[in-house]
$ cat protein-v1.cif   # mmCIF, C-alpha atoms and all ligand atoms
data_my_file
#
loop_
_atom_site.label_atom_id
_atom_site.label_comp_id
_atom_site.auth_asym_id
_atom_site.auth_seq_id
_atom_site.Cartn_x
_atom_site.Cartn_y
_atom_site.Cartn_z
CA MET A 13 38.81 55.59 -4.12
CA LYS A 14 36.10 53.21 -5.25
CA GLN A 15 37.57 50.05 -6.86
CA ALA A 16 35.92 46.87 -8.09
CA ASN A 17 36.18 43.84 -5.85
CA ILE A 18 37.77 40.63 -7.11
CA ILE A 19 35.91 37.38 -6.48
CA VAL A 20 37.86 34.12 -6.57
CA MET A 21 35.23 31.48 -7.29
CA GLY A 22 34.90 27.75 -7.88
CA VAL A 23 33.78 24.55 -6.23
CA SER A 24 35.03 23.24 -2.92
CA GLY A 25 38.72 22.31 -3.12
CA SER A 26 39.52 24.52 -6.12
CA GLY A 27 41.76 26.68 -3.94
CA LYS A 28 39.64 29.80 -3.45
CA THR A 29 40.95 30.44 0.06
CA THR A 30 44.58 29.60 -0.71
CA ILE A 31 44.71 31.61 -3.94
CA GLY A 32 42.47 34.42 -2.70
CA GLU A 33 44.61 35.06 0.38
CA LEU A 34 47.84 35.14 -1.61
CA LEU A 35 46.32 37.28 -4.34
CA ALA A 36 45.10 39.81 -1.78
CA GLN A 37 48.59 39.97 -0.26
CA GLU A 38 50.11 40.45 -3.69
CA LEU A 39 47.68 43.28 -4.53
CA GLY A 40 47.82 44.84 -1.06
CA ARG A 41 44.07 44.43 -0.58
CA PRO A 42 42.05 42.99 2.29
CA PHE A 43 40.95 39.36 1.95
CA TYR A 44 37.59 37.96 2.99
CA ASP A 45 36.50 34.32 2.93
CA GLY A 46 32.87 33.81 1.96
CA ASP A 47 32.80 30.69 4.14
CA ASP A 48 33.16 32.90 7.24
CA PHE A 49 29.79 34.48 6.45
CA HIS A 50 27.76 31.26 6.23
CA PRO A 51 25.21 31.00 9.05
CA ALA A 52 26.00 28.18 11.49
CA ALA A 53 23.05 26.18 10.12
CA ASN A 54 24.61 26.14 6.64
CA VAL A 55 27.97 24.96 7.98
CA ALA A 56 26.26 22.24 10.05
CA LYS A 57 24.33 21.09 6.99
CA MET A 58 27.43 20.87 4.79
CA ALA A 59 29.41 19.17 7.56
CA ALA A 60 26.64 16.56 7.80
CA GLY A 61 27.14 15.85 4.09
CA HIS A 62 24.07 17.67 2.71
CA PRO A 63 24.43 20.14 -0.16
CA LEU A 64 23.00 23.62 0.35
CA THR A 65 19.88 24.64 -1.58
CA ASP A 66 19.21 27.98 -3.29
CA GLU A 67 17.15 28.92 -0.25
CA ASP A 68 20.02 28.10 2.14
CA ARG A 69 22.36 30.26 0.11
CA ALA A 70 20.01 33.24 -0.39
CA GLY A 71 20.60 35.07 2.92
CA TRP A 72 24.33 34.36 2.79
CA LEU A 73 24.63 35.84 -0.72
CA ALA A 74 22.57 38.89 0.26
CA THR A 75 24.89 39.51 3.22
CA LEU A 76 27.94 39.19 1.00
CA ALA A 77 26.41 41.58 -1.56
CA THR A 78 25.99 44.23 1.16
CA HIS A 79 29.60 43.79 2.25
CA LEU A 80 30.84 43.99 -1.34
CA GLY A 81 29.33 47.47 -1.64
CA GLU A 82 31.19 48.55 1.51
CA TRP A 83 34.49 46.99 0.43
CA GLU A 84 34.20 48.55 -3.03
CA ALA A 85 33.75 51.99 -1.45
CA ALA A 86 36.80 51.34 0.75
CA GLY A 87 39.09 50.62 -2.22
CA GLY A 88 38.32 47.03 -3.20
CA ALA A 89 38.95 43.64 -1.61
CA VAL A 90 39.46 40.02 -2.66
CA LEU A 91 36.61 37.68 -1.73
CA ALA A 92 36.75 33.88 -1.92
CA CYS A 93 33.23 32.69 -2.69
CA SER A 94 31.93 29.57 -4.43
CA ALA A 95 29.38 31.64 -6.48
CA LEU A 96 28.43 28.44 -8.29
CA LYS A 97 25.37 29.62 -10.24
CA GLU A 98 24.85 32.57 -12.55
CA VAL A 99 21.95 33.81 -10.43
CA TYR A 100 24.21 33.80 -7.33
CA ARG A 101 26.76 35.87 -9.21
CA GLN A 102 24.03 38.31 -10.21
CA THR A 103 23.02 38.66 -6.55
CA LEU A 104 26.63 39.46 -5.63
CA GLN A 105 26.95 41.96 -8.50
CA ALA A 106 23.80 43.75 -7.34
CA GLY A 107 25.65 44.87 -4.18
CA GLU A 108 28.38 46.52 -6.18
CA GLN A 109 28.40 49.56 -8.50
CA LEU A 110 31.41 48.69 -10.67
CA PRO A 111 31.51 45.40 -12.58
CA LEU A 112 32.99 42.70 -10.35
CA THR A 113 36.22 41.04 -11.47
CA TRP A 114 35.71 37.26 -11.58
CA VAL A 115 38.53 34.75 -11.23
CA PHE A 116 37.23 31.23 -11.83
CA LEU A 117 39.42 28.35 -10.63
CA ASP A 118 38.53 25.46 -12.93
CA GLY A 119 39.87 21.99 -12.24
CA SER A 120 39.13 18.43 -13.29
CA ARG A 121 37.12 16.20 -10.99
CA GLU A 122 40.23 14.08 -10.35
CA LEU A 123 42.36 17.06 -9.32
CA LEU A 124 39.65 18.44 -7.05
CA GLU A 125 38.96 15.09 -5.43
CA ALA A 126 42.65 14.55 -4.70
CA ARG A 127 42.88 17.97 -3.07
CA LEU A 128 39.80 17.42 -0.93
CA GLU A 129 41.01 14.01 0.13
CA GLY A 130 44.34 15.53 1.12
CA ARG A 131 42.67 18.12 3.34
CA HIS A 132 41.75 16.78 6.76
CA ASP A 133 40.92 19.81 8.88
CA HIS A 134 37.85 20.99 7.00
CA TYR A 135 34.12 20.33 7.37
CA MET A 136 33.62 20.04 3.62
CA LYS A 137 34.40 16.46 2.66
CA ALA A 138 35.27 15.00 -0.75
CA SER A 139 31.85 13.32 -0.85
CA MET A 140 30.32 16.76 -1.48
CA LEU A 141 32.25 17.25 -4.70
CA ASP A 142 29.63 15.75 -7.02
CA SER A 143 26.90 18.06 -5.79
CA GLN A 144 29.25 21.04 -6.09
CA LEU A 145 30.08 20.12 -9.70
CA THR A 146 26.42 19.50 -10.56
CA THR A 147 25.48 22.91 -9.19
CA LEU A 148 28.34 24.74 -10.92
CA GLU A 149 27.41 26.88 -13.92
CA LYS A 150 30.75 27.87 -15.36
CA PRO A 151 30.98 31.59 -16.10
CA THR A 152 31.66 32.50 -19.72
CA TYR A 153 33.26 35.84 -18.72
CA GLY A 154 36.07 36.96 -16.45
CA ILE A 155 39.39 35.23 -15.90
CA ARG A 156 39.41 31.43 -16.06
CA ILE A 157 42.39 29.65 -14.55
CA GLU A 158 42.69 26.02 -15.52
CA LEU A 159 44.26 24.23 -12.57
CA THR A 160 47.10 21.77 -13.00
CA ASN A 161 48.73 19.33 -10.62
CA SER A 162 52.13 20.90 -10.94
CA GLU A 163 51.65 24.59 -10.17
CA THR A 164 52.22 25.99 -6.70
CA PRO A 165 49.75 28.52 -5.29
CA ALA A 166 52.34 31.28 -5.94
CA GLN A 167 52.49 30.27 -9.61
CA VAL A 168 48.71 30.28 -9.90
CA VAL A 169 48.60 33.76 -8.33
CA ALA A 170 51.26 35.00 -10.75
CA ARG A 171 49.04 33.82 -13.62
CA VAL A 172 46.02 35.61 -12.13
CA VAL A 173 47.99 38.84 -11.70
CA ALA A 174 49.19 38.64 -15.32
CA GLU A 175 45.60 38.15 -16.54
CA LEU A 176 44.37 41.02 -14.38
CA SER A 177 46.87 43.37 -15.94
CA VAL A 178 45.81 42.26 -19.43
CA SER A 179 42.13 42.82 -18.64
CA ALA A 180 42.93 46.26 -17.15
CA THR A 181 44.45 47.49 -20.44
N1 LIG B 1 48.12 25.20 -6.27
C1 LIG B 1 47.93 24.26 -5.36
N2 LIG B 1 48.67 23.15 -5.37
C2 LIG B 1 48.47 22.18 -4.47
N3 LIG B 1 47.54 22.22 -3.49
C3 LIG B 1 46.77 23.30 -3.45
C4 LIG B 1 46.91 24.37 -4.35
N4 LIG B 1 45.99 25.31 -4.05
C5 LIG B 1 45.30 24.82 -2.99
N5 LIG B 1 45.77 23.63 -2.62
C6 LIG B 1 45.28 22.76 -1.52
O1 LIG B 1 44.01 22.25 -1.93
C7 LIG B 1 43.13 22.20 -0.81
C8 LIG B 1 41.90 23.04 -1.10
O2 LIG B 1 42.26 24.41 -1.13
P1 LIG B 1 41.36 25.53 -0.44
O3 LIG B 1 40.96 25.11 0.93
O4 LIG B 1 42.06 26.83 -0.61
O5 LIG B 1 40.09 25.44 -1.43
P2 LIG B 1 38.67 26.16 -1.33
O6 LIG B 1 38.19 26.33 -2.72
O7 LIG B 1 38.78 27.39 -0.48
O8 LIG B 1 37.81 25.06 -0.60
P3 LIG B 1 36.46 25.24 0.26
O9 LIG B 1 35.49 25.98 -0.59
O10 LIG B 1 36.02 23.84 0.53
O11 LIG B 1 36.83 25.99 1.50
C9 LIG B 1 43.93 22.69 0.42
O12 LIG B 1 44.44 21.59 1.11
C10 LIG B 1 45.05 23.52 -0.22
O13 LIG B 1 46.21 23.53 0.58
O1 LIG B 2 27.96 27.32 -2.12
C1 LIG B 2 28.36 26.37 -1.47
O2 LIG B 2 28.01 25.20 -1.62
C2 LIG B 2 29.34 26.66 -0.38
O3 LIG B 2 29.79 27.97 -0.39
C3 LIG B 2 30.50 25.73 -0.49
O4 LIG B 2 31.22 25.95 -1.67
C4 LIG B 2 31.30 25.82 0.78
O5 LIG B 2 31.19 27.05 1.42
C5 LIG B 2 32.70 25.51 0.72
O6 LIG B 2 33.10 24.64 -0.26
C6 LIG B 2 33.09 24.99 2.06
O7 LIG B 2 34.33 25.29 2.31
#

$ encode --input "protein-v1.cif" --output "structure tokens"
Amino acid sequence: MKQANIIVMGVSGSGKTTIGELLAQELGRPFYDGDDFHPAANVAKMAAGHPLTDEDRAGWLATLATHLGEWEAAGGAVLACSALKEVYRQTLQAGEQLPLTWVFLDGSRELLEARLEGRHDHYMKASMLDSQLTTLEKPTYGIRIELTNSETPAQVVARVVAELSVSAT
């Protein structure tokens, strides 16, 4: 049965992959990481410390939009994707028939920086945080999860699941 996809969005370090994977497990849905769909040139650019432009992101978002349509038809998935600007979110929505469910992980600069500095095995360095935050247009719809220093990923996912059940009623 066709079911809307859930997109876990936010800047680098907000926990999209961590929370998205656990949420998918909890809901019994497949998980996809938007980062796995970036062309190699985009990854190389970010790893070299250069923010992506709208043009760099266009093909990537179009590819994800196509996949979203397929995943929706297959029963719905959870996708971790930065989706920083409104126009990017519109591109993603265009691939889908049902309204996407947005889960926005919102954290302070200090929290995000600490997380990025604590992560050593990733191409995206803490120095990219400012450009991510400058690009971010916070959505005014969907589920917003304000991140705290004290909650475990499992606790964050429990909050998301509770909000999903409220928005489903
Ligand atoms: N609730 C949490 N409490 C503490 N640390 C967390 C929590 N959620 C995620 N982290 C840690 O924060 C870091 C960033 O998380 P993650 O890689 O999932 O973010 P991301 O948004 O997918 O980042 P990117 O877009 O750069 O891939 C990781 O080291 C992760 O283990
Ligand atoms: O739109 C973007 O700038 C990118 O998607 C980034 O958010 C990275 O993919 C991610 O942070 C790296 O892990």

$ closest_residue --input "protein-v1.cif" --among "A:Leu39, A:Ala60, A:Leu141, A:Ala52" --to "ligand LIG 1 (chain B)" --atoms "all atoms listed in the file"
A:Leu141

$ closest_atom_pairs --input "protein-v1.cif" --of "chain A" --to "ligand LIG 2 (chain B)" --cutoff "6 Å" --atoms "all atoms listed in the file" --output "Markdown table"
| residue | atom | partner | partner_atom | distance |
| --- | --- | --- | --- | --- |
| A:Val23 | CA | B:LIG2 | O4 | 5.4 |
| A:Ser24 | CA | B:LIG2 | O6 | 3.6 |
| A:Asp47 | CA | B:LIG2 | O5 | 4.8 |
| A:Leu64 | CA | B:LIG2 | O2 | 5.6 |
| A:Ser94 | CA | B:LIG2 | O4 | 4.6 |
| A:Met136 | CA | B:LIG2 | C6 | 5.2 |

$ residues_around --input "protein-v1.cif" --residues "Ala86 in chain A" --least-positions-apart "3" --cutoff "8 Å" --atoms "all atoms listed in the file" --output "ChimeraX atom specification"
/A:13-15,82-83

$ residues_near_ligand --input "protein-v1.cif" --ligand "ligand LIG 1 (chain B)" --cutoff "6 Å" --atoms "only C-alpha atoms and all ligand atoms" --output "MDAnalysis selection string"
chainID A and resid 23:30 127:128 131 136 163:165

$ atom_distance --input "protein-v1.cif" --atom1 "CA of Ile155 in chain A" --atom2 "CA of Phe116 in chain A"
6.1 Å

$ atom_distance --input "protein-v1.cif" --atom1 "CA of Ala77 in chain A" --atom2 "CA of Ala106 in chain A"
6.7 Å

$ atom_distance --input "protein-v1.cif" --atom1 "CA of Glu84 in chain A" --atom2 "CA of Gln105 in chain A"
11.2 Å

$ residues_around --input "protein-v1.cif" --residues "Arg41 in chain A" --least-positions-apart "2" --cutoff "9 Å" --atoms "all atoms listed in the file" --output "mmCIF file with C-alpha atoms, in the coordinates of the input"
data_model
loop_
_atom_site.group_PDB
_atom_site.id
_atom_site.type_symbol
_atom_site.label_atom_id
_atom_site.label_comp_id
_atom_site.auth_asym_id
_atom_site.auth_seq_id
_atom_site.Cartn_x
_atom_site.Cartn_y
_atom_site.Cartn_z
ATOM 1 C CA LEU A 35 46.320 37.280 -4.340
ATOM 2 C CA ALA A 36 45.100 39.810 -1.780
ATOM 3 C CA GLN A 37 48.590 39.970 -0.260
ATOM 4 C CA GLU A 38 50.110 40.450 -3.690
ATOM 5 C CA LEU A 39 47.680 43.280 -4.530
ATOM 6 C CA PHE A 43 40.950 39.360 1.950
ATOM 7 C CA GLY A 87 39.090 50.620 -2.220
ATOM 8 C CA GLY A 88 38.320 47.030 -3.200
ATOM 9 C CA ALA A 89 38.950 43.640 -1.610
ATOM 10 C CA VAL A 90 39.460 40.020 -2.660
#

$ closest_residue --input "protein-v1.cif" --among "A:Leu34, A:Leu112, A:Leu73, A:Ile157" --to "Ile19 in chain A" --atoms "all atoms listed in the file"
A:Leu112

$ closest_atom_pairs --input "protein-v1.cif" --of "range 27-68 of chain A" --to "range 100-104 of chain A" --cutoff "12 Å" --atoms "all atoms listed in the file" --output "JSON lines"
{"residue": "A:Gly46", "atom": "CA", "partner": "A:Leu104", "partner_atom": "CA", "distance": 11.3}
{"residue": "A:Thr65", "atom": "CA", "partner": "A:Tyr100", "partner_atom": "CA", "distance": 11.6}
{"residue": "A:Asp66", "atom": "CA", "partner": "A:Tyr100", "partner_atom": "CA", "distance": 8.7}
{"residue": "A:Glu67", "atom": "CA", "partner": "A:Tyr100", "partner_atom": "CA", "distance": 11.1}
{"residue": "A:Asp68", "atom": "CA", "partner": "A:Tyr100", "partner_atom": "CA", "distance": 11.8}

$ closest_residue --input "protein-v1.cif" --among "A:Leu80, A:Glu129, A:Phe49, A:Glu149" --to "Leu96 in chain A" --atoms "all atoms listed in the file"
A:Glu149

$ closest_residue --input "protein-v1.cif" --among "A:Ala53, A:Met58, A:Leu110, A:Ala166" --to "Gln144 in chain A" --atoms "all atoms listed in the file"
A:Met58

$ closest_residue --input "protein-v1.cif" --among "A:Thr160, A:Pro63, A:Gly81, A:Thr113" --to "Ala180 in chain A" --atoms "all atoms listed in the file"
A:Thr113

$ closest_residue --input "protein-v1.cif" --among "A:Ala74, A:Met21, A:Leu117, A:Leu123" --to "Ala92 in chain A" --atoms "all atoms listed in the file"
A:Met21

$ axis_aligned_box --input "protein-v1.cif" --around "range 170-173 of chain A" --padding-each-side "3 Å" --output "JSON"
{"center_x": 48.6, "center_y": 36.3, "center_z": -12.2, "size_x": 11.2, "size_y": 11.0, "size_z": 8.9}

$ build_atoms --input "protein-v1.cif" --residues "range 169-181 of chain A" --atoms "N, CA and C atoms" --output "short mmCIF file (atom, residue, chain, number, x, y, z; two decimals), in the coordinates of the input"
data_model
loop_
_atom_site.label_atom_id
_atom_site.label_comp_id
_atom_site.auth_asym_id
_atom_site.auth_seq_id
_atom_site.Cartn_x
_atom_site.Cartn_y
_atom_site.Cartn_z
N VAL A 169 48.85 32.33 -8.60
CA VAL A 169 48.60 33.76 -8.33
C VAL A 169 49.32 34.63 -9.36
N ALA A 170 50.52 34.23 -9.74
CA ALA A 170 51.26 35.00 -10.75
C ALA A 170 50.48 35.01 -12.06
N ARG A 171 49.85 33.88 -12.38
CA ARG A 171 49.04 33.82 -13.62
C ARG A 171 47.82 34.74 -13.50
N VAL A 172 47.20 34.74 -12.32
CA VAL A 172 46.02 35.61 -12.13
C VAL A 172 46.43 37.08 -12.27
N VAL A 173 47.55 37.43 -11.65
CA VAL A 173 47.99 38.84 -11.70
C VAL A 173 48.28 39.25 -13.15
N ALA A 174 48.90 38.34 -13.91
CA ALA A 174 49.19 38.64 -15.32
C ALA A 174 47.88 38.85 -16.09
N GLU A 175 46.89 38.02 -15.84
CA GLU A 175 45.60 38.15 -16.54
C GLU A 175 44.87 39.42 -16.12
N LEU A 176 45.03 39.79 -14.85
CA LEU A 176 44.37 41.02 -14.38
C LEU A 176 44.96 42.22 -15.09
N SER A 177 46.28 42.20 -15.30
CA SER A 177 46.87 43.37 -15.94
C SER A 177 46.48 43.42 -17.41
N VAL A 178 46.28 42.26 -18.03
CA VAL A 178 45.81 42.26 -19.43
C VAL A 178 44.39 42.83 -19.48
N SER A 179 43.52 42.36 -18.55
CA SER A 179 42.13 42.82 -18.64
C SER A 179 41.99 44.28 -18.22
N ALA A 180 43.00 44.83 -17.55
CA ALA A 180 42.93 46.26 -17.15
C ALA A 180 43.34 47.18 -18.30
N THR A 181 43.97 46.61 -19.37
CA THR A 181 44.45 47.49 -20.44
C THR A 181 43.42 47.60 -21.57
#
